[in-house]
Structure formats: structure tokens, C-alpha cells
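What follows is one structure encoded as C-alpha cells, with my remarks underneath.
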Amino acid sequence: MTCKNCNNILNDTQKYCDECGAKIIQNRLKPKVLVAQVNEQFICLDNKFLKTFIHLFTQPETVIIGYINGTRKRYIDVLQYFAIALTLAGIQLFIMSTFFKETLYFQNGFADGFNATTNSKENNPFKDLNPDSFNKYQSLIYIATVPFYAFGTWITYYLLRERQFNFTEHIVINLYYYAQVIILTAVTAIISSIFGVDYMLVSSLLILPTIIYLFYILKRIFKDNFWATLLRFIIVGFVAVSLLIIAGMLFAFLVIILS
């Protein structure tokens with residue numbers, strides 16, 4: 001018997017491949033098998049998704065540093081976790097735009113004000129821009145902003161001579177953080193929409209908790225005291241926001257040049 005993933009030779013009694021770590025699947029794909037796999041990965045109380053989600057709140061350093069140091073089986077892989085978060089964000093957008101459109105902020109006068117402002121100027125490259133488009137491309141926006149925050153944390157700690165993690169490892173830190181925030185935001189938005197709560201209000205209320213959560217993660221990972229972490233946190237925010245502003249200005253410049 002050979003592994004279907006890497007063709008490694010296996011014993012008949014093996015449940016996992018000792019070469020690539022894949023689970024040995026011997027049963028044909030049937031509804032019962034598919035349901036069992038979904039339950040194993042996402043639903044049962046002792047699954048990796050729920051454990052990853054809870055421990056990123058209670059002990060984020062265990063999840064993140066463990067992954068960086070090579071512990072890859074206890075929790076969901078960072079890229080897989082981020083992909084799950086983006087999927088939930090897509091489901092959130094579909095549900096809200098289909099069934100709860102009135103709760104979205106751009107349905108409450110935002111679009112009219114936006115268009116009145118942009119259309120008032122001639123040759124404005126943004127005059128035909130629909131605010132709805134920001135929601136359609138939210139996954140791309142999430143992906144694009146991660147490197148900016150990763151650079152912010154990496155350069156801050158690097159300049160302050162805390163260099164135990166390289167830039168790629170800072171990307172891992174920020175991917176786990178960002179995925180957790182996206183999941184929390186998506187679930188909260190869906191639940192609040194069911195009760196008719198305005199999406200802009202929910203997003204605004206979540207800003208402060210997500211900022212505090214990043215501070216909490218940095219403190220747990222780097223084990224600095226409160227004031228040292230606060231100083232680093234302020235620098236990280238300044239660097240990340242500055243880079244985003246510069247990137248936004250460059251993007252606007254390119255739009256104007258190419259229009």
C-alpha cells in the first residue's frame with residue numbers, strides 16, 4: 001500500500017503517513033464519510049478549529065510560537081486558518097447583501113453622500129466608484145494589508161533589538177491575528193444582522209476590541225511589560241498606517257495617471 005499524497009510505502013496498519021503526515025483514507029467518498037470528515041475538522045468539541053479559535057484568545061503564544069517552532073498538528077495551519085476566515089467573510093457578505101441588505105452602511109445614505117462628493121468635481125477618477133465595490137473585494141483587501149502590519153511589527157521589534165522572529169515569522173503572527181479578527185467580525189456581523197443592527201455600528205464597536213487584542217498578542221508573544229509593549233504597539237501602528245497611506249496615495253496616483 002502506498003500513500004496517495006506522496007507515494008510513500010506504507011504498512012497495512014498505518015493510519016497516517018510517516019513521510020508527509022497525511023491521514024490514510026481507505027473508504028470511498030460517500031455522504032457518511034464526508035459528514036464524518038466535516039464533523040472531525042469543524043464541528044466536534046475536540047476539533048482543531050475550535051481549539052485554535054479558543055487558544056488564540058486564551059494562550060495565543062502557544063498557538064503562534066508553537067507553529068513557528070514546528071508544532072503543526074495541535075492547531076490549524078496558519079494559511080488554512082486564514083483561508084477559513086476569508087471563507088466566513090465571503091459567507092457574511094453573501095448573507096448580508098442577500099437577506100439583510102438594509103443593515104449595510106452603504107444602504108443608509110453613505111452611497112448618496114459619497115457620490116455627491118465625488119461627482120461634484122470634474123475629471124475625478126473616483127466619481128463612478130461604487131462603495132459596494134469595497135465589500136466585493138474585501139478578501140483581496142484583507143490579504144493585501146497583512147504584509148503592511150507584518151512589516152510594522154517586524155521593523156519595530158528589529159530596530160528595538162528584539163530579533164527572535166524574522167519577517168516571514170511576523171507574517172505568521174499577523175495572519176493568525178488577522179484571521180481571528182475576521183472570524184470574530186464575520187460571526188458578529190451575521191448575528192447582529194439577524195437582529196437588524198446596523199453593520200457600520202457593529203464595525204465601529206469592534207475597532208477598539210481588535211486593537212486591544214493586537215496589543216494583547218504582542219505582549220504575550222514578546223513577554224514585555226505593559227509600558228514596553230505599549231511603546232512598541234504605538235510604533236507598530238504608526239509604521240503600518242503610514243505604509244498604508246503611502247500605498248493608497250501611490251494607488252490613487254496610478255489611477256489618475258492611467259485614467
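By convention here, the chains of the C-alpha cells are called A, B, ... in the order presented, each chain's residues are numbered starting at 1, and ligands are numbered starting at 1 in the order presented.
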
* Spatial neighbours of range 242-247 of chain A, 9 Å, only C-alpha atoms, chain gap at least 6 places, as a ChimeraX atom specification -> /A:145,148-149,152

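With only C-alpha atoms taken into account, the protein and nucleic acid residues at most 10 Å from Ile95 in chain A (excluding it and anything under 3 positions from it in its own chain) are Ala89, Gly90, Ile91, Gln92, Thr98, Phe99, Phe100, Lys101, Ala189, Ile190, Ser193 and Ile194 of chain A.
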
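Here the question is which of A:Val239, A:Cys17, A:Leu93, A:Leu201 gets nearest to Thr153 in chain A using only C-alpha atoms, and that residue is A:Val239.
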
* To do: Tell me, as an MDAnalysis selection string, which residues lie within 9 Å of Leu86 in chain A, counting only C-alpha atoms; anything in the same chain fewer than 4 positions away does not count.
  => chainID A and resid 81:82 90:91 138:139 142 179 182:183

May I have the selected residues written with all heavy atoms, as a tab-separated table (two decimals), in the first residue's frame?
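Written out: part.tsv:
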chain	number	residue	atom	x	y	z
A	81	TYR	N	-6.12	28.44	8.34
A	81	TYR	CA	-6.96	29.22	9.25
A	81	TYR	C	-7.35	30.55	8.62
A	81	TYR	O	-8.50	30.99	8.73
A	81	TYR	CB	-6.22	29.45	10.56
A	81	TYR	CG	-7.10	29.90	11.71
A	81	TYR	CD1	-8.10	29.05	12.20
A	81	TYR	CD2	-6.94	31.14	12.31
A	81	TYR	CE1	-8.91	29.45	13.25
A	81	TYR	CE2	-7.74	31.53	13.37
A	81	TYR	CZ	-8.72	30.69	13.82
A	81	TYR	OH	-9.53	31.09	14.87
A	82	PHE	N	-6.40	31.18	7.93
A	82	PHE	CA	-6.70	32.43	7.25
A	82	PHE	C	-7.69	32.19	6.10
A	82	PHE	O	-8.57	33.02	5.86
A	82	PHE	CB	-5.41	33.05	6.72
A	82	PHE	CG	-5.56	34.46	6.23
A	82	PHE	CD1	-5.73	35.50	7.13
A	82	PHE	CD2	-5.50	34.75	4.88
A	82	PHE	CE1	-5.87	36.81	6.68
A	82	PHE	CE2	-5.63	36.06	4.42
A	82	PHE	CZ	-5.82	37.09	5.33
A	90	GLY	N	-16.63	35.85	3.20
A	90	GLY	CA	-17.42	35.76	1.98
A	90	GLY	C	-18.85	35.34	2.25
A	90	GLY	O	-19.80	35.87	1.65
A	91	ILE	N	-19.02	34.38	3.16
A	91	ILE	CA	-20.38	33.95	3.55
A	91	ILE	C	-21.13	35.10	4.20
A	91	ILE	O	-22.33	35.32	3.95
A	91	ILE	CB	-20.29	32.74	4.50
A	91	ILE	CG1	-19.73	31.52	3.77
A	91	ILE	CG2	-21.66	32.42	5.10
A	91	ILE	CD1	-19.46	30.33	4.66
A	138	GLN	N	-13.34	42.59	-0.51
A	138	GLN	CA	-12.84	42.65	0.86
A	138	GLN	C	-11.77	41.59	1.12
A	138	GLN	O	-10.81	41.85	1.86
A	138	GLN	CB	-13.99	42.49	1.85
A	138	GLN	CG	-14.69	41.15	1.84
A	138	GLN	CD	-15.75	41.05	2.93
A	138	GLN	OE1	-15.92	41.96	3.72
A	138	GLN	NE2	-16.45	39.93	2.97
A	139	SER	N	-11.89	40.41	0.52
A	139	SER	CA	-10.88	39.37	0.73
A	139	SER	C	-9.52	39.81	0.20
A	139	SER	O	-8.49	39.59	0.85
A	139	SER	CB	-11.30	38.07	0.05
A	139	SER	OG	-12.45	37.53	0.67
A	142	TYR	N	-8.10	42.31	2.62
A	142	TYR	CA	-7.55	41.64	3.80
A	142	TYR	C	-6.16	41.09	3.50
A	142	TYR	O	-5.21	41.27	4.28
A	142	TYR	CB	-8.46	40.49	4.24
A	142	TYR	CG	-9.76	40.93	4.88
A	142	TYR	CD1	-10.94	40.20	4.66
A	142	TYR	CD2	-9.82	42.04	5.70
A	142	TYR	CE1	-12.13	40.59	5.26
A	142	TYR	CE2	-11.01	42.43	6.28
A	142	TYR	CZ	-12.17	41.70	6.06
A	142	TYR	OH	-13.34	42.08	6.64
A	179	ALA	N	-6.75	36.64	10.93
A	179	ALA	CA	-7.77	35.60	10.73
A	179	ALA	C	-8.75	35.58	11.89
A	179	ALA	O	-9.97	35.47	11.70
A	179	ALA	CB	-7.10	34.24	10.57
A	182	ILE	N	-11.06	38.56	11.59
A	182	ILE	CA	-12.03	38.39	10.50
A	182	ILE	C	-13.14	37.44	10.91
A	182	ILE	O	-14.32	37.69	10.66
A	182	ILE	CB	-11.31	37.88	9.23
A	182	ILE	CG1	-10.35	38.94	8.69
A	182	ILE	CG2	-12.33	37.50	8.15
A	182	ILE	CD1	-9.45	38.43	7.58
A	183	ILE	N	-12.77	36.33	11.55
A	183	ILE	CA	-13.78	35.36	12.00
A	183	ILE	C	-14.71	36.01	13.01
A	183	ILE	O	-15.95	35.88	12.91
A	183	ILE	CB	-13.09	34.12	12.61
A	183	ILE	CG1	-12.37	33.33	11.53
A	183	ILE	CG2	-14.11	33.23	13.32
A	183	ILE	CD1	-11.51	32.21	12.06

Which residues come within 8 Å of Ile217 in chain A, counting only C-alpha atoms, excluding same-chain residues fewer than 5 positions away, as an mmCIF file with C-alpha atoms, in the first residue's frame?
data_model
loop_
_atom_site.group_PDB
_atom_site.id
_atom_site.type_symbol
_atom_site.label_atom_id
_atom_site.label_comp_id
_atom_site.auth_asym_id
_atom_site.auth_seq_id
_atom_site.Cartn_x
_atom_site.Cartn_y
_atom_site.Cartn_z
ATOM 1 C CA PRO A 60 -2.044 32.995 21.639
ATOM 2 C CA GLU A 61 1.681 32.494 22.207
ATOM 3 C CA TYR A 177 -4.232 37.741 14.402
#
